[in-house]
file data.tsv (TSV, C-alpha atoms)
chain	number	residue	atom	x	y	z
P	208	GLY	CA	0.00	0.00	0.00
P	209	ASP	CA	0.89	3.67	-0.01
P	210	SER	CA	2.77	4.84	3.05
P	211	VAL	CA	5.21	7.34	4.49
P	212	THR	CA	8.12	6.70	6.83
P	213	GLN	CA	9.96	9.52	8.52
P	214	THR	CA	12.67	10.05	11.11
P	215	GLU	CA	11.55	8.79	14.44
P	216	GLY	CA	11.61	11.47	17.07
P	217	PRO	CA	12.22	13.17	19.26
P	218	VAL	CA	15.11	14.98	17.62
P	219	THR	CA	17.11	17.53	19.58
P	220	VAL	CA	19.58	19.92	17.99
P	221	SER	CA	21.28	23.10	19.12
P	222	GLU	CA	20.49	26.48	17.68
P	223	SER	CA	22.39	27.29	14.46
P	224	GLU	CA	23.08	23.63	13.76
P	225	SER	CA	21.94	22.00	10.54
P	226	LEU	CA	18.96	19.69	10.42
P	227	ILE	CA	17.68	16.90	8.25
P	228	ILE	CA	14.45	15.00	8.87
P	229	ASN	CA	14.20	12.01	6.59
P	230	CYS	CA	11.05	11.08	4.73
P	231	THR	CA	10.64	8.17	2.35
P	232	TYR	CA	7.45	7.07	0.71
P	233	SER	CA	5.92	4.08	-0.98
P	234	ALA	CA	3.48	4.95	-3.75
P	235	THR	CA	2.50	1.63	-5.27
P	236	SER	CA	-0.90	2.82	-6.49
P	237	ILE	CA	-0.08	6.44	-7.23
P	238	ALA	CA	1.21	7.45	-10.62
P	239	TYR	CA	2.03	11.05	-9.74
P	240	PRO	CA	2.56	11.53	-6.01
P	241	ASN	CA	2.33	14.94	-4.41
P	242	LEU	CA	4.53	15.47	-1.37
P	243	PHE	CA	3.96	17.75	1.60
P	244	TRP	CA	5.56	18.81	4.84
P	245	TYR	CA	3.20	20.02	7.53
P	246	VAL	CA	4.20	21.53	10.87
P	247	ARG	CA	2.53	21.95	14.22
P	248	TYR	CA	4.08	24.63	16.41
P	249	PRO	CA	3.37	24.55	20.14
P	250	GLY	CA	-0.11	25.84	20.82
P	251	GLU	CA	-0.99	26.07	17.14
P	252	GLY	CA	-2.81	23.94	14.62
P	253	LEU	CA	-1.27	21.78	11.94
P	254	GLN	CA	-0.36	23.85	8.90
P	255	LEU	CA	1.37	23.46	5.58
P	256	LEU	CA	5.09	24.15	5.56
P	257	LEU	CA	5.84	23.33	1.92
P	258	LYS	CA	4.73	21.11	-0.91
P	259	VAL	CA	6.09	19.81	-4.19
P	260	ILE	CA	3.98	18.16	-6.87
P	261	THR	CA	6.59	17.58	-9.57
P	262	ALA	CA	9.44	15.09	-9.29
P	263	GLY	CA	12.84	16.73	-9.29
P	264	GLN	CA	11.56	20.03	-7.95
P	265	LYS	CA	12.44	21.64	-4.65
P	266	GLY	CA	10.11	23.38	-2.26
P	267	SER	CA	11.17	25.92	0.34
P	268	SER	CA	9.64	27.89	3.17
P	269	ARG	CA	10.88	29.55	6.35
P	270	GLY	CA	14.43	28.49	5.55
P	271	PHE	CA	13.45	24.84	5.11
P	272	GLU	CA	13.94	22.95	1.86
P	273	ALA	CA	12.82	19.60	0.53
P	274	THR	CA	13.50	18.00	-2.85
P	275	TYR	CA	11.13	15.48	-4.41
P	276	ASN	CA	13.41	12.61	-5.44
P	277	LYS	CA	11.51	9.99	-7.42
P	278	GLU	CA	14.52	7.68	-7.81
P	279	THR	CA	15.06	7.29	-4.09
P	280	THR	CA	11.37	7.92	-3.22
P	281	SER	CA	12.44	10.52	-0.70
P	282	PHE	CA	11.42	13.99	0.38
P	283	HIS	CA	13.84	14.88	3.17
P	284	LEU	CA	13.39	18.16	5.02
P	285	GLN	CA	16.53	20.21	5.55
P	286	LYS	CA	17.57	23.45	7.13
P	287	ALA	CA	21.07	24.85	7.26
P	288	SER	CA	20.75	26.66	10.58
P	289	VAL	CA	17.84	26.01	12.92
P	290	GLN	CA	16.39	28.46	15.40
P	291	GLU	CA	14.66	27.86	18.68
P	292	SER	CA	11.39	28.93	17.03
P	293	ASP	CA	11.63	25.89	14.73
P	294	SER	CA	10.78	23.63	17.66
P	295	ALA	CA	7.65	21.82	16.49
P	296	VAL	CA	6.29	18.52	15.22
P	297	TYR	CA	6.88	17.92	11.52
P	298	TYR	CA	4.79	15.58	9.37
P	299	CYS	CA	5.61	14.31	5.91
P	300	ALA	CA	2.57	13.49	3.76
P	301	LEU	CA	1.88	11.76	0.46
P	302	GLY	CA	-1.03	12.76	-1.72
P	303	ASP	CA	-2.28	11.80	-5.14
P	304	GLN	CA	-4.56	12.96	-7.91
P	305	ASN	CA	-7.04	10.16	-7.44
P	306	ASN	CA	-9.79	9.79	-4.88
P	307	ASN	CA	-7.52	8.90	-1.98
P	308	ALA	CA	-6.86	10.74	1.23
P	309	PRO	CA	-3.28	11.85	1.86
P	310	ARG	CA	-1.12	9.51	3.92
P	311	PHE	CA	0.90	10.93	6.78
P	312	GLY	CA	4.07	9.83	8.48
P	313	ALA	CA	4.12	9.39	12.24
P	314	GLY	CA	5.54	12.86	12.83
P	315	THR	CA	8.92	13.99	14.13
P	316	LYS	CA	9.13	16.15	17.20
P	317	LEU	CA	11.99	18.62	16.92
P	318	SER	CA	13.41	20.48	19.89
P	319	VAL	CA	15.97	23.20	19.31
P	320	LYS	CA	18.15	24.09	22.30
P	321	PRO	CA	19.17	27.72	22.70
G	209	ASP	CA	-12.08	33.76	5.47
G	210	ALA	CA	-12.77	31.54	8.41
G	211	GLY	CA	-10.62	28.46	8.70
G	212	VAL	CA	-11.75	25.04	9.83
G	213	THR	CA	-13.62	25.18	13.11
G	214	GLN	CA	-14.05	22.31	15.53
G	215	THR	CA	-16.16	22.00	18.63
G	216	PRO	CA	-15.79	21.25	21.41
G	217	ARG	CA	-12.10	21.90	21.95
G	218	HIS	CA	-12.01	19.55	24.91
G	219	GLU	CA	-14.21	16.64	25.85
G	220	VAL	CA	-14.16	14.33	28.84
G	221	ALA	CA	-16.27	11.18	28.66
G	222	GLU	CA	-16.88	8.13	30.77
G	223	LYS	CA	-16.21	4.75	29.22
G	224	GLY	CA	-19.25	3.60	27.28
G	225	GLN	CA	-20.65	7.05	26.57
G	226	THR	CA	-21.50	8.41	23.15
G	227	ILE	CA	-19.77	11.57	22.09
G	228	ILE	CA	-20.20	13.72	19.00
G	229	LEU	CA	-17.50	15.96	17.64
G	230	LYS	CA	-18.31	18.71	15.15
G	231	CYS	CA	-16.48	20.32	12.26
G	232	GLU	CA	-17.12	23.16	9.86
G	233	PRO	CA	-14.78	23.13	6.84
G	234	VAL	CA	-13.43	26.10	4.97
G	235	SER	CA	-16.21	27.57	2.88
G	236	GLY	CA	-16.11	26.27	-0.69
G	237	HIS	CA	-13.91	23.26	0.04
G	238	ASN	CA	-15.12	19.99	-1.45
G	239	ASP	CA	-13.13	17.56	0.65
G	240	LEU	CA	-13.32	16.91	4.37
G	241	PHE	CA	-11.15	14.61	6.45
G	242	TRP	CA	-11.25	13.30	9.99
G	243	TYR	CA	-7.98	12.16	11.58
G	244	ARG	CA	-6.97	10.85	14.96
G	245	GLN	CA	-3.67	12.18	16.22
G	246	THR	CA	-1.57	10.33	18.77
G	247	LYS	CA	2.10	10.50	19.66
G	248	ILE	CA	2.66	6.87	18.77
G	249	GLN	CA	0.61	6.47	15.59
G	250	GLY	CA	0.79	10.00	14.25
G	251	LEU	CA	-2.16	10.94	12.05
G	252	GLU	CA	-4.56	8.10	11.34
G	253	LEU	CA	-7.33	8.60	8.80
G	254	LEU	CA	-10.83	8.03	10.11
G	255	SER	CA	-12.97	9.24	7.20
G	256	TYR	CA	-12.71	11.16	3.96
G	257	PHE	CA	-15.65	12.86	2.21
G	258	ARG	CA	-15.80	14.47	-1.18
G	259	SER	CA	-18.83	16.62	-1.89
G	260	LYS	CA	-20.57	14.92	1.04
G	261	SER	CA	-19.96	11.41	-0.31
G	262	LEU	CA	-17.88	9.04	1.75
G	263	MET	CA	-14.73	8.24	-0.24
G	264	GLU	CA	-12.64	6.39	2.30
G	265	ASP	CA	-13.21	4.92	5.71
G	266	GLY	CA	-10.31	4.04	8.00
G	267	GLY	CA	-10.68	0.27	8.22
G	268	ALA	CA	-9.62	-0.04	11.83
G	269	PHE	CA	-12.21	2.46	12.99
G	270	LYS	CA	-15.41	1.28	11.37
G	271	ASP	CA	-17.05	-0.42	14.30
G	272	ARG	CA	-17.41	2.42	16.82
G	273	PHE	CA	-16.60	5.48	14.75
G	274	LYS	CA	-19.10	7.04	12.38
G	275	ALA	CA	-18.56	10.27	10.49
G	276	GLU	CA	-21.33	12.01	8.63
G	277	MET	CA	-21.52	15.03	6.42
G	278	LEU	CA	-25.05	16.37	6.59
G	279	ASN	CA	-24.33	19.28	4.31
G	280	SER	CA	-21.33	20.82	2.62
G	281	SER	CA	-20.55	23.02	5.61
G	282	PHE	CA	-20.95	20.67	8.56
G	283	SER	CA	-19.69	17.27	9.61
G	284	THR	CA	-19.91	15.17	12.75
G	285	LEU	CA	-17.86	12.33	14.13
G	286	LYS	CA	-19.65	10.03	16.53
G	287	ILE	CA	-17.80	7.63	18.78
G	288	GLN	CA	-20.09	5.03	20.32
G	289	PRO	CA	-19.35	3.57	22.80
G	290	THR	CA	-16.17	5.32	23.88
G	291	GLU	CA	-13.23	3.41	25.32
G	292	PRO	CA	-10.17	4.73	27.20
G	293	LYS	CA	-7.97	3.91	24.20
G	294	ASP	CA	-9.93	6.50	22.21
G	295	SER	CA	-8.24	9.27	24.20
G	296	ALA	CA	-6.48	11.39	21.58
G	297	VAL	CA	-6.75	14.59	19.59
G	298	TYR	CA	-9.26	14.43	16.75
G	299	LEU	CA	-8.50	16.64	13.80
G	300	CYS	CA	-10.77	17.80	11.02
G	301	ALA	CA	-9.30	19.11	7.78
G	302	SER	CA	-10.64	20.34	4.49
G	303	SER	CA	-9.18	20.91	1.05
G	304	GLY	CA	-10.27	22.05	-2.34
G	305	LEU	CA	-9.42	18.92	-4.22
G	306	GLY	CA	-8.32	15.87	-2.31
G	307	GLY	CA	-4.87	14.44	-2.20
G	308	GLN	CA	-3.19	16.91	-4.48
G	309	ASP	CA	-4.31	19.99	-2.62
G	310	THR	CA	-3.20	21.63	0.60
G	311	GLN	CA	-5.20	20.56	3.63
G	312	TYR	CA	-6.37	23.12	6.16
G	313	PHE	CA	-6.66	21.77	9.65
G	314	GLY	CA	-8.87	22.74	12.54
G	315	PRO	CA	-7.51	23.21	16.06
G	316	GLY	CA	-8.64	19.73	17.07
G	317	THR	CA	-10.76	18.27	19.83
G	318	ARG	CA	-8.85	16.74	22.72
G	319	LEU	CA	-10.80	13.75	24.00
G	320	LEU	CA	-10.18	12.07	27.32
G	321	VAL	CA	-12.07	8.89	28.09
G	322	LEU	CA	-11.99	7.79	31.70

call {"tool": "encode", "arguments": {"input": "data.tsv", "output": "structure tokens"}}
result
Amino acid sequence: GDSVTQTEGPVTVSESESLIINCTYSATSIAYPNLFWYVRYPGEGLQLLLKVITAGQKGSSRGFEATYNKETTSFHLQKASVQESDSAVYYCALGDQNNNAPRFGAGTKLSVKP
Amino acid sequence: DAGVTQTPRHEVAEKGQTIILKCEPVSGHNDLFWYRQTKIQGLELLSYFRSKSLMEDGGAFKDRFKAEMLNSSFSTLKIQPTEPKDSAVYLCASSGLGGQDTQYFGPGTRLLVL
């Protein structure tokens, strides 16, 4: 089936360090997957961070980047220098153009130490 | 524009009770989703509606969970009877066009079953 696997949390990094949260997907029934990163900041609702719908393209937002790699079926989230305000739970999600609901990874809780 | 609204924000129930959670999607959105959010499982799909028609039902939740969409602007999730393992945050989301579109999430209902 279609599924998403991401870095198991919690992840703790120090401010100004680099970050990578891994996300790999299995899209056995989806011809053209769409890939998303959602984020839930403390006290806030889940919201879109970035999305990419075309293989080979990169999405970016708030200093985060993710490249849709069809060969490795990956969509890793990266940031060169994290800030304390990036502390949140990050979810990778897989969507399609058919009548299927998006599939989410288990979420990765990130804590950034000052 | 109003986002997704969910009521109540918190619910405490005794084991065996029936509870009903409510959701109003973003105006004009065709798709509505119910998810259960836990730290261990992440986001689990409960139900997915498109234009009020049920498109997908989370297989593991069919026996005690029933979502309905009475009109395009209102949905309910009934849990009957509740069990302590149902304690979680229940999220409602809507989108314009299913798996390829950005989902907009409500603030969630935190359910505690004693």

call {"tool": "closest_residue", "arguments": {"input": "data.tsv", "among": "P:Ala300, P:Ala313, P:Val246, P:Ala262", "to": "chain G", "atoms": "all atoms listed in the file"}}
result
P:Ala313

call {"tool": "interface_residues", "arguments": {"input": "data.tsv", "of": "chain G", "to": "chain P", "cutoff": "10 Å", "atoms": "all atoms listed in the file", "output": "ChimeraX atom specification"}}
result
/G:239-241,245-253,255-258,263-265,299,301,305-316

call {"tool": "residues_around", "arguments": {"input": "data.tsv", "residues": "region 223-235 of chain P", "least_positions_apart": "5", "cutoff": "10 Å", "atoms": "only C-alpha atoms", "output": "MDAnalysis selection string"}}
result
chainID P and resid 208:216 218 240 242 244 271:273 275:277 279:291 297:303 310:312 314:317 319:321

call {"tool": "write_last_selection", "arguments": {"input": "data.tsv", "atoms": "C-alpha atoms", "output": "PDB file, in the coordinates of the input"}}
result
ATOM      1  CA  GLY P 208       0.000   0.000   0.000  1.00  0.00           C
ATOM      2  CA  ASP P 209       0.890   3.670  -0.010  1.00  0.00           C
ATOM      3  CA  SER P 210       2.770   4.840   3.050  1.00  0.00           C
ATOM      4  CA  VAL P 211       5.210   7.340   4.490  1.00  0.00           C
ATOM      5  CA  THR P 212       8.120   6.700   6.830  1.00  0.00           C
ATOM      6  CA  GLN P 213       9.960   9.520   8.520  1.00  0.00           C
ATOM      7  CA  THR P 214      12.670  10.050  11.110  1.00  0.00           C
ATOM      8  CA  GLU P 215      11.550   8.790  14.440  1.00  0.00           C
ATOM      9  CA  GLY P 216      11.610  11.470  17.070  1.00  0.00           C
ATOM     10  CA  VAL P 218      15.110  14.980  17.620  1.00  0.00           C
ATOM     11  CA  PRO P 240       2.560  11.530  -6.010  1.00  0.00           C
ATOM     12  CA  LEU P 242       4.530  15.470  -1.370  1.00  0.00           C
ATOM     13  CA  TRP P 244       5.560  18.810   4.840  1.00  0.00           C
ATOM     14  CA  PHE P 271      13.450  24.840   5.110  1.00  0.00           C
ATOM     15  CA  GLU P 272      13.940  22.950   1.860  1.00  0.00           C
ATOM     16  CA  ALA P 273      12.820  19.600   0.530  1.00  0.00           C
ATOM     17  CA  TYR P 275      11.130  15.480  -4.410  1.00  0.00           C
ATOM     18  CA  ASN P 276      13.410  12.610  -5.440  1.00  0.00           C
ATOM     19  CA  LYS P 277      11.510   9.990  -7.420  1.00  0.00           C
ATOM     20  CA  THR P 279      15.060   7.290  -4.090  1.00  0.00           C
ATOM     21  CA  THR P 280      11.370   7.920  -3.220  1.00  0.00           C
ATOM     22  CA  SER P 281      12.440  10.520  -0.700  1.00  0.00           C
ATOM     23  CA  PHE P 282      11.420  13.990   0.380  1.00  0.00           C
ATOM     24  CA  HIS P 283      13.840  14.880   3.170  1.00  0.00           C
ATOM     25  CA  LEU P 284      13.390  18.160   5.020  1.00  0.00           C
ATOM     26  CA  GLN P 285      16.530  20.210   5.550  1.00  0.00           C
ATOM     27  CA  LYS P 286      17.570  23.450   7.130  1.00  0.00           C
ATOM     28  CA  ALA P 287      21.070  24.850   7.260  1.00  0.00           C
ATOM     29  CA  SER P 288      20.750  26.660  10.580  1.00  0.00           C
ATOM     30  CA  VAL P 289      17.840  26.010  12.920  1.00  0.00           C
ATOM     31  CA  GLN P 290      16.390  28.460  15.400  1.00  0.00           C
ATOM     32  CA  GLU P 291      14.660  27.860  18.680  1.00  0.00           C
ATOM     33  CA  TYR P 297       6.880  17.920  11.520  1.00  0.00           C
ATOM     34  CA  TYR P 298       4.790  15.580   9.370  1.00  0.00           C
ATOM     35  CA  CYS P 299       5.610  14.310   5.910  1.00  0.00           C
ATOM     36  CA  ALA P 300       2.570  13.490   3.760  1.00  0.00           C
ATOM     37  CA  LEU P 301       1.880  11.760   0.460  1.00  0.00           C
ATOM     38  CA  GLY P 302      -1.030  12.760  -1.720  1.00  0.00           C
ATOM     39  CA  ASP P 303      -2.280  11.800  -5.140  1.00  0.00           C
ATOM     40  CA  ARG P 310      -1.120   9.510   3.920  1.00  0.00           C
ATOM     41  CA  PHE P 311       0.900  10.930   6.780  1.00  0.00           C
ATOM     42  CA  GLY P 312       4.070   9.830   8.480  1.00  0.00           C
ATOM     43  CA  GLY P 314       5.540  12.860  12.830  1.00  0.00           C
ATOM     44  CA  THR P 315       8.920  13.990  14.130  1.00  0.00           C
ATOM     45  CA  LYS P 316       9.130  16.150  17.200  1.00  0.00           C
ATOM     46  CA  LEU P 317      11.990  18.620  16.920  1.00  0.00           C
ATOM     47  CA  VAL P 319      15.970  23.200  19.310  1.00  0.00           C
ATOM     48  CA  LYS P 320      18.150  24.090  22.300  1.00  0.00           C
ATOM     49  CA  PRO P 321      19.170  27.720  22.700  1.00  0.00           C
TER      50      PRO P 321
END

call {"tool": "atom_distance", "arguments": {"input": "data.tsv", "atom1": "CA of Ile237 (chain P)", "atom2": "CA of Leu285 (chain G)"}}
result
28.4 Å

call {"tool": "atom_distance", "arguments": {"input": "data.tsv", "atom1": "CA of Ser281 (chain G)", "atom2": "CA of Tyr248 (chain P)"}}
result
26.9 Å

call {"tool": "atom_distance", "arguments": {"input": "data.tsv", "atom1": "CA of Pro216 (chain G)", "atom2": "CA of Phe269 (chain G)"}}
result
20.9 Å
